[in-house]
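**Q** Dropping in upload.pdb, with PDB, C-alpha atoms and all ligand atoms.
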MODEL        1
ATOM      1  CA  MET A   1    -172.770 100.645 181.663  1.00  0.00           C
ATOM      2  CA  ILE A   2    -170.907 101.260 178.399  1.00  0.00           C
ATOM      3  CA  PRO A   3    -169.127  98.021 177.469  1.00  0.00           C
ATOM      4  CA  GLY A   4    -165.419  98.149 176.675  1.00  0.00           C
ATOM      5  CA  GLY A   5    -163.670  96.040 174.060  1.00  0.00           C
ATOM      6  CA  ARG A   6    -160.310  94.862 172.807  1.00  0.00           C
ATOM      7  CA  LEU A   7    -160.027  96.277 169.314  1.00  0.00           C
ATOM      8  CA  VAL A   8    -157.353  96.581 166.654  1.00  0.00           C
ATOM      9  CA  VAL A   9    -157.744  98.954 163.701  1.00  0.00           C
ATOM     10  CA  LEU A  10    -155.842  98.020 160.542  1.00  0.00           C
ATOM     11  CA  GLY A  11    -155.488  99.969 157.312  1.00  0.00           C
ATOM     12  CA  LYS A  12    -152.957 101.674 155.092  1.00  0.00           C
ATOM     13  CA  GLN A  13    -151.307 104.873 156.240  1.00  0.00           C
ATOM     14  CA  GLY A  14    -153.849 107.612 155.598  1.00  0.00           C
ATOM     15  CA  ALA A  15    -156.845 105.242 155.737  1.00  0.00           C
ATOM     16  CA  GLY A  16    -158.247 107.236 158.664  1.00  0.00           C
ATOM     17  CA  LYS A  17    -157.169 104.899 161.496  1.00  0.00           C
ATOM     18  CA  GLY A  18    -156.167 107.753 163.814  1.00  0.00           C
ATOM     19  CA  THR A  19    -159.444 109.634 163.331  1.00  0.00           C
ATOM     20  CA  GLN A  20    -161.601 106.536 163.856  1.00  0.00           C
ATOM     21  CA  CYS A  21    -159.555 105.291 166.812  1.00  0.00           C
ATOM     22  CA  VAL A  22    -160.052 108.589 168.671  1.00  0.00           C
ATOM     23  CA  ARG A  23    -163.811 108.288 168.116  1.00  0.00           C
ATOM     24  CA  LEU A  24    -163.912 104.633 169.163  1.00  0.00           C
ATOM     25  CA  SER A  25    -161.902 105.446 172.250  1.00  0.00           C
ATOM     26  CA  HIS A  26    -164.437 108.130 173.297  1.00  0.00           C
ATOM     27  CA  HIS A  27    -167.463 106.040 172.360  1.00  0.00           C
ATOM     28  CA  TYR A  28    -166.456 102.881 174.237  1.00  0.00           C
ATOM     29  CA  ILE A  29    -164.378 104.653 176.909  1.00  0.00           C
ATOM     30  CA  VAL A  30    -161.271 102.630 176.195  1.00  0.00           C
ATOM     31  CA  PRO A  31    -157.699 103.930 175.915  1.00  0.00           C
ATOM     32  CA  HIS A  32    -156.482 104.760 172.409  1.00  0.00           C
ATOM     33  CA  ILE A  33    -153.051 103.180 172.076  1.00  0.00           C
ATOM     34  CA  SER A  34    -151.191 104.464 169.028  1.00  0.00           C
ATOM     35  CA  THR A  35    -147.678 103.047 168.680  1.00  0.00           C
ATOM     36  CA  GLY A  36    -146.825 105.871 166.244  1.00  0.00           C
ATOM     37  CA  ASP A  37    -147.857 108.499 168.853  1.00  0.00           C
ATOM     38  CA  MET A  38    -145.943 106.686 171.611  1.00  0.00           C
ATOM     39  CA  LEU A  39    -142.826 106.516 169.442  1.00  0.00           C
ATOM     40  CA  ARG A  40    -143.122 110.178 168.407  1.00  0.00           C
ATOM     41  CA  ALA A  41    -143.414 111.144 172.106  1.00  0.00           C
ATOM     42  CA  SER A  42    -140.203 109.183 172.814  1.00  0.00           C
ATOM     43  CA  VAL A  43    -138.437 110.899 169.917  1.00  0.00           C
ATOM     44  CA  LYS A  44    -139.536 114.285 171.219  1.00  0.00           C
ATOM     45  CA  ALA A  45    -138.382 113.458 174.762  1.00  0.00           C
ATOM     46  CA  LYS A  46    -135.061 112.139 173.343  1.00  0.00           C
ATOM     47  CA  THR A  47    -135.262 108.935 175.385  1.00  0.00           C
ATOM     48  CA  THR A  48    -133.015 105.975 174.495  1.00  0.00           C
ATOM     49  CA  LEU A  49    -135.974 104.391 172.692  1.00  0.00           C
ATOM     50  CA  GLY A  50    -136.708 107.667 170.885  1.00  0.00           C
ATOM     51  CA  LEU A  51    -133.125 108.098 169.693  1.00  0.00           C
ATOM     52  CA  GLU A  52    -133.104 104.572 168.300  1.00  0.00           C
ATOM     53  CA  ALA A  53    -136.620 104.789 166.815  1.00  0.00           C
ATOM     54  CA  ARG A  54    -136.026 108.060 165.007  1.00  0.00           C
ATOM     55  CA  ARG A  55    -133.769 106.722 162.262  1.00  0.00           C
ATOM     56  CA  TYR A  56    -136.300 104.029 161.365  1.00  0.00           C
ATOM     57  CA  MET A  57    -139.228 106.431 161.434  1.00  0.00           C
ATOM     58  CA  ASP A  58    -137.640 109.139 159.295  1.00  0.00           C
ATOM     59  CA  ALA A  59    -136.882 106.539 156.620  1.00  0.00           C
ATOM     60  CA  GLY A  60    -140.419 105.108 156.787  1.00  0.00           C
ATOM     61  CA  GLU A  61    -139.032 101.781 158.068  1.00  0.00           C
ATOM     62  CA  LEU A  62    -140.625  99.645 160.776  1.00  0.00           C
ATOM     63  CA  ILE A  63    -139.157  99.587 164.291  1.00  0.00           C
ATOM     64  CA  PRO A  64    -137.956  96.042 165.158  1.00  0.00           C
ATOM     65  CA  ASP A  65    -140.763  93.837 166.502  1.00  0.00           C
ATOM     66  CA  GLU A  66    -139.166  93.135 169.895  1.00  0.00           C
ATOM     67  CA  ILE A  67    -138.844  96.862 170.681  1.00  0.00           C
ATOM     68  CA  VAL A  68    -142.467  97.602 169.767  1.00  0.00           C
ATOM     69  CA  LEU A  69    -143.764  94.521 171.581  1.00  0.00           C
ATOM     70  CA  LYS A  70    -141.988  95.521 174.779  1.00  0.00           C
ATOM     71  CA  MET A  71    -143.440  99.047 174.563  1.00  0.00           C
ATOM     72  CA  VAL A  72    -146.987  97.765 173.912  1.00  0.00           C
ATOM     73  CA  GLY A  73    -146.652  95.072 176.604  1.00  0.00           C
ATOM     74  CA  GLU A  74    -145.884  97.711 179.222  1.00  0.00           C
ATOM     75  CA  ARG A  75    -148.884  99.774 178.123  1.00  0.00           C
ATOM     76  CA  LEU A  76    -151.291  96.815 178.088  1.00  0.00           C
ATOM     77  CA  ASP A  77    -150.226  95.946 181.601  1.00  0.00           C
ATOM     78  CA  GLN A  78    -151.754  99.135 182.999  1.00  0.00           C
ATOM     79  CA  ASP A  79    -155.025  99.130 184.919  1.00  0.00           C
ATOM     80  CA  ASP A  80    -157.144 101.017 182.370  1.00  0.00           C
ATOM     81  CA  THR A  81    -156.507  98.499 179.599  1.00  0.00           C
ATOM     82  CA  ARG A  82    -156.987  95.541 181.897  1.00  0.00           C
ATOM     83  CA  THR A  83    -160.389  96.765 183.061  1.00  0.00           C
ATOM     84  CA  ARG A  84    -161.782  98.491 179.940  1.00  0.00           C
ATOM     85  CA  GLY A  85    -159.836  97.052 176.994  1.00  0.00           C
ATOM     86  CA  PHE A  86    -158.250  99.219 174.285  1.00  0.00           C
ATOM     87  CA  VAL A  87    -158.261 100.377 170.716  1.00  0.00           C
ATOM     88  CA  LEU A  88    -154.878  99.691 169.128  1.00  0.00           C
ATOM     89  CA  ASP A  89    -153.835 102.021 166.310  1.00  0.00           C
ATOM     90  CA  GLY A  90    -150.851 101.138 164.090  1.00  0.00           C
ATOM     91  CA  PHE A  91    -150.179  97.896 165.965  1.00  0.00           C
ATOM     92  CA  PRO A  92    -149.815  95.054 165.111  1.00  0.00           C
ATOM     93  CA  ARG A  93    -148.050  95.763 161.833  1.00  0.00           C
ATOM     94  CA  THR A  94    -146.454  92.348 161.273  1.00  0.00           C
ATOM     95  CA  VAL A  95    -147.571  88.768 161.853  1.00  0.00           C
ATOM     96  CA  ALA A  96    -144.852  88.463 164.544  1.00  0.00           C
ATOM     97  CA  GLN A  97    -146.440  91.421 166.361  1.00  0.00           C
ATOM     98  CA  ALA A  98    -149.904  89.820 166.080  1.00  0.00           C
ATOM     99  CA  GLN A  99    -148.520  86.610 167.595  1.00  0.00           C
ATOM    100  CA  GLY A 100    -146.836  88.642 170.338  1.00  0.00           C
ATOM    101  CA  LEU A 101    -150.121  90.446 171.033  1.00  0.00           C
ATOM    102  CA  GLU A 102    -151.894  87.118 171.470  1.00  0.00           C
ATOM    103  CA  GLU A 103    -149.330  86.113 174.066  1.00  0.00           C
ATOM    104  CA  LEU A 104    -149.573  89.454 175.841  1.00  0.00           C
ATOM    105  CA  LEU A 105    -153.364  89.173 176.085  1.00  0.00           C
ATOM    106  CA  ALA A 106    -153.604  85.528 177.190  1.00  0.00           C
ATOM    107  CA  PRO A 107    -155.731  84.264 178.890  1.00  0.00           C
ATOM    108  CA  THR A 108    -158.031  86.939 177.393  1.00  0.00           C
ATOM    109  CA  GLU A 109    -158.081  87.618 173.656  1.00  0.00           C
ATOM    110  CA  LEU A 110    -158.700  90.240 171.022  1.00  0.00           C
ATOM    111  CA  ASP A 111    -162.377  90.866 170.227  1.00  0.00           C
ATOM    112  CA  LEU A 112    -162.153  92.317 166.750  1.00  0.00           C
ATOM    113  CA  ALA A 113    -159.707  93.503 164.073  1.00  0.00           C
ATOM    114  CA  ILE A 114    -161.254  96.263 161.962  1.00  0.00           C
ATOM    115  CA  ASP A 115    -159.707  96.750 158.536  1.00  0.00           C
ATOM    116  CA  LEU A 116    -160.407 100.171 156.997  1.00  0.00           C
ATOM    117  CA  GLU A 117    -160.355  99.729 153.235  1.00  0.00           C
ATOM    118  CA  VAL A 118    -159.291 102.757 151.203  1.00  0.00           C
ATOM    119  CA  PRO A 119    -157.818 102.829 147.663  1.00  0.00           C
ATOM    120  CA  THR A 120    -154.109 103.698 147.424  1.00  0.00           C
ATOM    121  CA  GLU A 121    -154.712 106.779 145.199  1.00  0.00           C
ATOM    122  CA  LEU A 122    -156.897 108.261 147.917  1.00  0.00           C
ATOM    123  CA  VAL A 123    -154.414 107.662 150.747  1.00  0.00           C
ATOM    124  CA  LEU A 124    -151.638 109.278 148.694  1.00  0.00           C
ATOM    125  CA  THR A 125    -153.736 112.438 148.351  1.00  0.00           C
ATOM    126  CA  ARG A 126    -154.705 112.354 152.031  1.00  0.00           C
ATOM    127  CA  LEU A 127    -151.117 111.895 153.237  1.00  0.00           C
ATOM    128  CA  ALA A 128    -149.792 114.731 151.077  1.00  0.00           C
ATOM    129  CA  SER A 129    -152.301 117.140 152.629  1.00  0.00           C
ATOM    130  CA  ARG A 130    -152.172 115.726 156.198  1.00  0.00           C
ATOM    131  CA  ARG A 131    -151.098 118.043 159.018  1.00  0.00           C
ATOM    132  CA  VAL A 132    -150.776 116.957 162.664  1.00  0.00           C
ATOM    133  CA  CYS A 133    -150.603 118.715 166.049  1.00  0.00           C
ATOM    134  CA  GLU A 134    -147.088 118.191 167.410  1.00  0.00           C
ATOM    135  CA  ASP A 135    -148.374 118.051 170.977  1.00  0.00           C
ATOM    136  CA  CYS A 136    -151.656 116.098 171.038  1.00  0.00           C
ATOM    137  CA  GLY A 137    -151.602 114.379 167.627  1.00  0.00           C
ATOM    138  CA  THR A 138    -154.935 115.821 166.425  1.00  0.00           C
ATOM    139  CA  ILE A 139    -155.140 115.377 162.663  1.00  0.00           C
ATOM    140  CA  TYR A 140    -155.907 118.252 160.250  1.00  0.00           C
ATOM    141  CA  SER A 141    -155.339 118.739 156.545  1.00  0.00           C
ATOM    142  CA  THR A 142    -154.648 121.571 154.157  1.00  0.00           C
ATOM    143  CA  THR A 143    -158.398 121.656 153.474  1.00  0.00           C
ATOM    144  CA  GLN A 144    -159.519 121.174 157.112  1.00  0.00           C
ATOM    145  CA  ARG A 145    -157.298 123.607 158.946  1.00  0.00           C
ATOM    146  CA  PRO A 146    -157.434 124.665 162.594  1.00  0.00           C
ATOM    147  CA  SER A 147    -159.473 127.867 163.141  1.00  0.00           C
ATOM    148  CA  VAL A 148    -156.416 130.032 163.896  1.00  0.00           C
ATOM    149  CA  ASP A 149    -153.457 129.721 161.541  1.00  0.00           C
ATOM    150  CA  TRP A 150    -151.656 126.447 162.313  1.00  0.00           C
ATOM    151  CA  ILE A 151    -152.473 126.414 166.040  1.00  0.00           C
ATOM    152  CA  CYS A 152    -154.275 123.296 167.302  1.00  0.00           C
ATOM    153  CA  ASP A 153    -157.951 123.891 168.226  1.00  0.00           C
ATOM    154  CA  ILE A 154    -157.703 121.304 171.007  1.00  0.00           C
ATOM    155  CA  CYS A 155    -154.452 122.077 172.844  1.00  0.00           C
ATOM    156  CA  GLY A 156    -152.860 125.150 171.247  1.00  0.00           C
ATOM    157  CA  GLY A 157    -149.895 123.101 169.952  1.00  0.00           C
ATOM    158  CA  GLU A 158    -148.256 123.763 166.603  1.00  0.00           C
ATOM    159  CA  VAL A 159    -149.834 121.971 163.638  1.00  0.00           C
ATOM    160  CA  VAL A 160    -147.172 120.740 161.200  1.00  0.00           C
ATOM    161  CA  GLN A 161    -146.510 118.267 158.399  1.00  0.00           C
ATOM    162  CA  ARG A 162    -145.085 115.013 159.811  1.00  0.00           C
ATOM    163  CA  GLU A 163    -141.399 114.524 159.029  1.00  0.00           C
ATOM    164  CA  ASP A 164    -142.151 111.083 157.598  1.00  0.00           C
ATOM    165  CA  ASP A 165    -144.921 112.379 155.325  1.00  0.00           C
ATOM    166  CA  THR A 166    -142.372 112.986 152.543  1.00  0.00           C
ATOM    167  CA  GLU A 167    -143.099 111.366 149.186  1.00  0.00           C
ATOM    168  CA  GLU A 168    -140.198 108.901 149.521  1.00  0.00           C
ATOM    169  CA  ALA A 169    -141.050 107.793 153.071  1.00  0.00           C
ATOM    170  CA  ILE A 170    -144.767 107.525 152.187  1.00  0.00           C
ATOM    171  CA  ARG A 171    -143.939 105.162 149.294  1.00  0.00           C
ATOM    172  CA  ARG A 172    -141.717 103.061 151.535  1.00  0.00           C
ATOM    173  CA  ARG A 173    -144.438 102.848 154.204  1.00  0.00           C
ATOM    174  CA  LEU A 174    -147.042 101.784 151.648  1.00  0.00           C
ATOM    175  CA  ASP A 175    -144.682  99.086 150.288  1.00  0.00           C
ATOM    176  CA  LEU A 176    -144.104  97.826 153.819  1.00  0.00           C
ATOM    177  CA  TYR A 177    -147.846  97.822 154.388  1.00  0.00           C
ATOM    178  CA  GLU A 178    -148.291  95.432 151.455  1.00  0.00           C
ATOM    179  CA  THR A 179    -145.463  93.065 152.414  1.00  0.00           C
ATOM    180  CA  GLU A 180    -145.639  93.149 156.231  1.00  0.00           C
ATOM    181  CA  THR A 181    -149.064  94.343 157.347  1.00  0.00           C
ATOM    182  CA  ALA A 182    -151.523  93.167 154.656  1.00  0.00           C
ATOM    183  CA  PRO A 183    -150.889  89.487 155.615  1.00  0.00           C
ATOM    184  CA  LEU A 184    -152.586  90.306 158.929  1.00  0.00           C
ATOM    185  CA  ILE A 185    -155.893  90.522 157.083  1.00  0.00           C
ATOM    186  CA  GLU A 186    -155.632  86.817 156.258  1.00  0.00           C
ATOM    187  CA  TRP A 187    -154.361  86.079 159.776  1.00  0.00           C
ATOM    188  CA  TYR A 188    -157.331  87.690 161.525  1.00  0.00           C
ATOM    189  CA  SER A 189    -159.804  86.429 158.959  1.00  0.00           C
ATOM    190  CA  THR A 190    -158.724  82.816 159.593  1.00  0.00           C
ATOM    191  CA  ASP A 191    -159.253  83.515 163.273  1.00  0.00           C
ATOM    192  CA  GLY A 192    -162.799  84.791 162.591  1.00  0.00           C
ATOM    193  CA  LYS A 193    -161.886  88.178 164.104  1.00  0.00           C
ATOM    194  CA  LEU A 194    -161.805  90.347 160.989  1.00  0.00           C
ATOM    195  CA  VAL A 195    -164.331  92.899 159.769  1.00  0.00           C
ATOM    196  CA  GLN A 196    -163.639  94.920 156.632  1.00  0.00           C
ATOM    197  CA  ILE A 197    -165.173  98.370 156.522  1.00  0.00           C
ATOM    198  CA  PRO A 198    -165.133 100.764 153.557  1.00  0.00           C
ATOM    199  CA  GLY A 199    -163.081 103.732 154.784  1.00  0.00           C
ATOM    200  CA  VAL A 200    -164.220 106.093 152.033  1.00  0.00           C
ATOM    201  CA  GLY A 201    -166.748 108.808 152.866  1.00  0.00           C
ATOM    202  CA  HIS A 202    -167.305 111.262 155.688  1.00  0.00           C
ATOM    203  CA  PRO A 203    -165.665 110.203 158.990  1.00  0.00           C
ATOM    204  CA  ASP A 204    -169.144 110.145 160.637  1.00  0.00           C
ATOM    205  CA  GLU A 205    -170.388 107.597 158.094  1.00  0.00           C
ATOM    206  CA  VAL A 206    -167.285 105.435 158.467  1.00  0.00           C
ATOM    207  CA  PHE A 207    -167.670 105.562 162.250  1.00  0.00           C
ATOM    208  CA  ASP A 208    -171.340 104.502 162.063  1.00  0.00           C
ATOM    209  CA  ARG A 209    -170.352 101.533 159.891  1.00  0.00           C
ATOM    210  CA  ILE A 210    -167.705 100.453 162.404  1.00  0.00           C
ATOM    211  CA  VAL A 211    -169.967 100.759 165.457  1.00  0.00           C
ATOM    212  CA  SER A 212    -172.761  98.846 163.795  1.00  0.00           C
ATOM    213  CA  GLU A 213    -170.353  95.962 162.988  1.00  0.00           C
ATOM    214  CA  ILE A 214    -168.991  95.949 166.532  1.00  0.00           C
ATOM    215  CA  GLU A 215    -172.472  95.859 168.024  1.00  0.00           C
ATOM    216  CA  SER A 216    -173.715  93.070 165.774  1.00  0.00           C
ATOM    217  CA  ARG A 217    -170.616  91.026 166.653  1.00  0.00           C
ATOM    218  CA  ARG A 218    -171.095  91.723 170.329  1.00  0.00           C
ATOM    219  CA  GLN A 219    -174.740  90.651 170.196  1.00  0.00           C
ATOM    220  CA  ALA A 220    -173.813  87.477 168.335  1.00  0.00           C
ATOM    221  CA  GLY A 221    -171.496  86.652 171.271  1.00  0.00           C
ATOM    222  CA  GLY A 222    -168.370  87.169 169.190  1.00  0.00           C
ATOM    223  CA  PHE A 223    -166.513  88.980 171.954  1.00  0.00           C
ATOM    224  CA  GLY A 224    -163.862  87.203 174.030  1.00  0.00           C
ATOM    225  CA  PRO A 225    -163.649  86.267 177.718  1.00  0.00           C
ATOM    226  CA  PRO A 226    -164.550  89.022 180.216  1.00  0.00           C
ATOM    227  CA  MET A 227    -162.091  91.660 181.269  1.00  0.00           C
ATOM    228  CA  ARG A 228    -160.995  92.092 184.850  1.00  0.00           C
ATOM    229  CA  GLY A 229    -163.930  93.242 186.967  1.00  0.00           C
ATOM    230  CA  GLU A 230    -166.519  92.474 184.253  1.00  0.00           C
ATOM    231  CA  ALA A 231    -169.198  89.901 185.104  1.00  0.00           C
ATOM    232  CA  SER A 232    -169.195  86.714 183.001  1.00  0.00           C
ATOM    233  CA  PRO A 233    -172.293  86.334 180.843  1.00  0.00           C
ATOM    234  CA  SER A 234    -174.582  83.792 182.511  1.00  0.00           C
TER     235      SER A 234
HETATM  236  P1  LIG A 301    -147.784 105.747 162.316  1.00  0.00           P
HETATM  237  O1  LIG A 301    -148.023 107.019 163.055  1.00  0.00           O
HETATM  238  O2  LIG A 301    -148.621 104.616 162.811  1.00  0.00           O
HETATM  239  O3  LIG A 301    -147.844 105.926 160.822  1.00  0.00           O
HETATM  240  O4  LIG A 301    -146.274 105.309 162.649  1.00  0.00           O
HETATM  241  C1  LIG A 301    -145.164 106.149 162.306  1.00  0.00           C
HETATM  242  C2  LIG A 301    -143.894 105.321 162.261  1.00  0.00           C
HETATM  243  O5  LIG A 301    -143.660 104.740 163.556  1.00  0.00           O
HETATM  244  C3  LIG A 301    -143.926 104.127 161.311  1.00  0.00           C
HETATM  245  O6  LIG A 301    -143.613 104.508 159.972  1.00  0.00           O
HETATM  246  C4  LIG A 301    -142.864 103.235 161.931  1.00  0.00           C
HETATM  247  O7  LIG A 301    -141.556 103.714 161.667  1.00  0.00           O
HETATM  248  C5  LIG A 301    -143.121 103.416 163.416  1.00  0.00           C
HETATM  249  N1  LIG A 301    -144.122 102.463 163.935  1.00  0.00           N
HETATM  250  C6  LIG A 301    -145.358 102.752 164.448  1.00  0.00           C
HETATM  251  N2  LIG A 301    -145.989 101.636 164.833  1.00  0.00           N
HETATM  252  C7  LIG A 301    -145.145 100.610 164.561  1.00  0.00           C
HETATM  253  C8  LIG A 301    -145.248  99.203 164.707  1.00  0.00           C
HETATM  254  N3  LIG A 301    -146.347  98.608 165.213  1.00  0.00           N
HETATM  255  N4  LIG A 301    -144.191  98.441 164.311  1.00  0.00           N
HETATM  256  C9  LIG A 301    -143.074  99.007 163.798  1.00  0.00           C
HETATM  257  N5  LIG A 301    -142.924 100.325 163.611  1.00  0.00           N
HETATM  258  C10 LIG A 301    -143.953 101.134 163.984  1.00  0.00           C
ENDMDL
END
Would you mind writing the structure in this file as structure tokens?
Ligand code: AMP
**A**
Amino acid sequence: MIPGGRLVVLGKQGAGKGTQCVRLSHHYIVPHISTGDMLRASVKAKTTLGLEARRYMDAGELIPDEIVLKMVGERLDQDDTRTRGFVLDGFPRTVAQAQGLEELLAPTELDLAIDLEVPTELVLTRLASRRVCEDCGTIYSTTQRPSVDWICDICGGEVVQREDDTEEAIRRRLDLYETETAPLIEWYSTDGKLVQIPGVGHPDEVFDRIVSEIESRRQAGGFGPPMRGEASPS
């Protein structure tokens, strides 16, 4: 049976988190939980959460921790995450969120935090050319377009530039990454849960690097207590 896992993927905006999280989710058969995608869906559906979240998102600001923690808590409480685990994309983004995640997971714990390392100059270029399907979130770019105009190959949705991929909002998000999210690298490293993976290169190569780290950690017994329904190692 394919083992699950409780994984977090960290990295600057444009480091390739979304692309790698989709692959990890398929490979390990675990749900891909992207807080950005969940928030964008709420904005689109004009829910109370969406209406509140929108003003933060358009400005490149972070949504308050308690709002995001509540949203993630509800998602982690569902059966699929309890039995298989998850790959978290874009969460946690602050130390308070990482602490909240620990509480949400207790008595189980996170297995691994994967930090995708990419130089800032490269993410700026990637973000400027990034295009995203409005419906399913599939990521394209001006150099890797869908086969038909700007129609998504996967779901037929419209492929557009994200509203927060403006130069000003990108700069704000990168600043916030340094002040709020980068401290998580130290946090998870102290906990012995961090692996740093070079995020430069073809997505297939980056993915192979990640899987090989996960598997060597798993074999070394670095994964946490069993998930619901999983036998304890004897
Ligand atoms: P992303 O798609 O991960 O780049 O997220 C897009 C926007 O959603 C961010 O710029 C924030 O405004 C908001 N957001 C997503 N995840 C979080 C989070 N964990 N904490 C706070 N805000 C978030």
**Q** Residues at most 9 Å from A:Asp80, counting all atoms listed in the file, excluding those fewer than 6 positions away in the same chain, as a compact mmCIF listing (two decimals) with C-alpha atoms, in the frame of the given file?
**A**
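Okay, part16.txt is ready:
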# COMPACT_ATOMS: atom_id res chain seq x y z
CA VAL A 30 -161.27 102.63 176.20
CA PRO A 31 -157.70 103.93 175.92
CA PHE A 86 -158.25 99.22 174.28
**Q** Looking at A:Leu69, A:Cys21, A:Leu104, A:Ala128, which one is nearest to A:Val9, with distances taken over only C-alpha atoms?
**A**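 With only C-alpha atoms as the atom set, the closest residue is A:Cys21.
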**Q** Find the axis-aligned box for ligand LIG 301 (chain A), covering all its listed atoms and adding 5 Å on each side, and write its centre and edge lengths in Å to one decimal as JSON.
**A**
{"center_x": -145.1, "center_y": 102.7, "center_z": 162.6, "size_x": 17.1, "size_y": 18.6, "size_z": 15.2}
**Q** Please, what distance in Å, to one decimal, runs between atom CA of A:Glu186 and atom CA of A:Ser25?
**A**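 For atom CA of A:Glu186 relative to atom CA of A:Ser25, the distance reads 25.3 Å.
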**Q** Mind pulling up the distance from atom CA of A:Arg130 to atom CA of A:Ile33?
**A**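 So the answer is 20.3 Å.
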**Q** With the cut-off set at 7 Å and counting all atoms listed in the file, tabulate each residue of chain A with an atom at most that distance from an atom of ligand LIG 301 (chain A), showing the nearest atom pair and its distance in Å to one decimal, ordered by chain and increasing number, as CSV.
**A**
residue,atom,partner,partner_atom,distance
A:Gln13,CA,A:LIG301,O3,5.8
A:Ser34,CA,A:LIG301,O2,6.7
A:Thr35,CA,A:LIG301,N2,4.4
A:Gly36,CA,A:LIG301,O1,3.6
A:Asp37,CA,A:LIG301,O1,6.0
A:Leu39,CA,A:LIG301,O5,6.2
A:Tyr56,CA,A:LIG301,O7,5.3
A:Met57,CA,A:LIG301,O7,3.6
A:Gly60,CA,A:LIG301,O6,4.6
A:Glu61,CA,A:LIG301,O7,4.8
A:Leu62,CA,A:LIG301,N5,3.7
A:Ile63,CA,A:LIG301,N5,3.9
A:Pro64,CA,A:LIG301,C9,6.1
A:Asp65,CA,A:LIG301,N4,6.1
A:Val68,CA,A:LIG301,N4,5.8
A:Asp89,CA,A:LIG301,O2,6.8
A:Gly90,CA,A:LIG301,O2,4.3
A:Phe91,CA,A:LIG301,N3,4.0
A:Pro92,CA,A:LIG301,N3,5.0
A:Arg93,CA,A:LIG301,N3,4.7
A:Arg173,CA,A:LIG301,O6,6.1
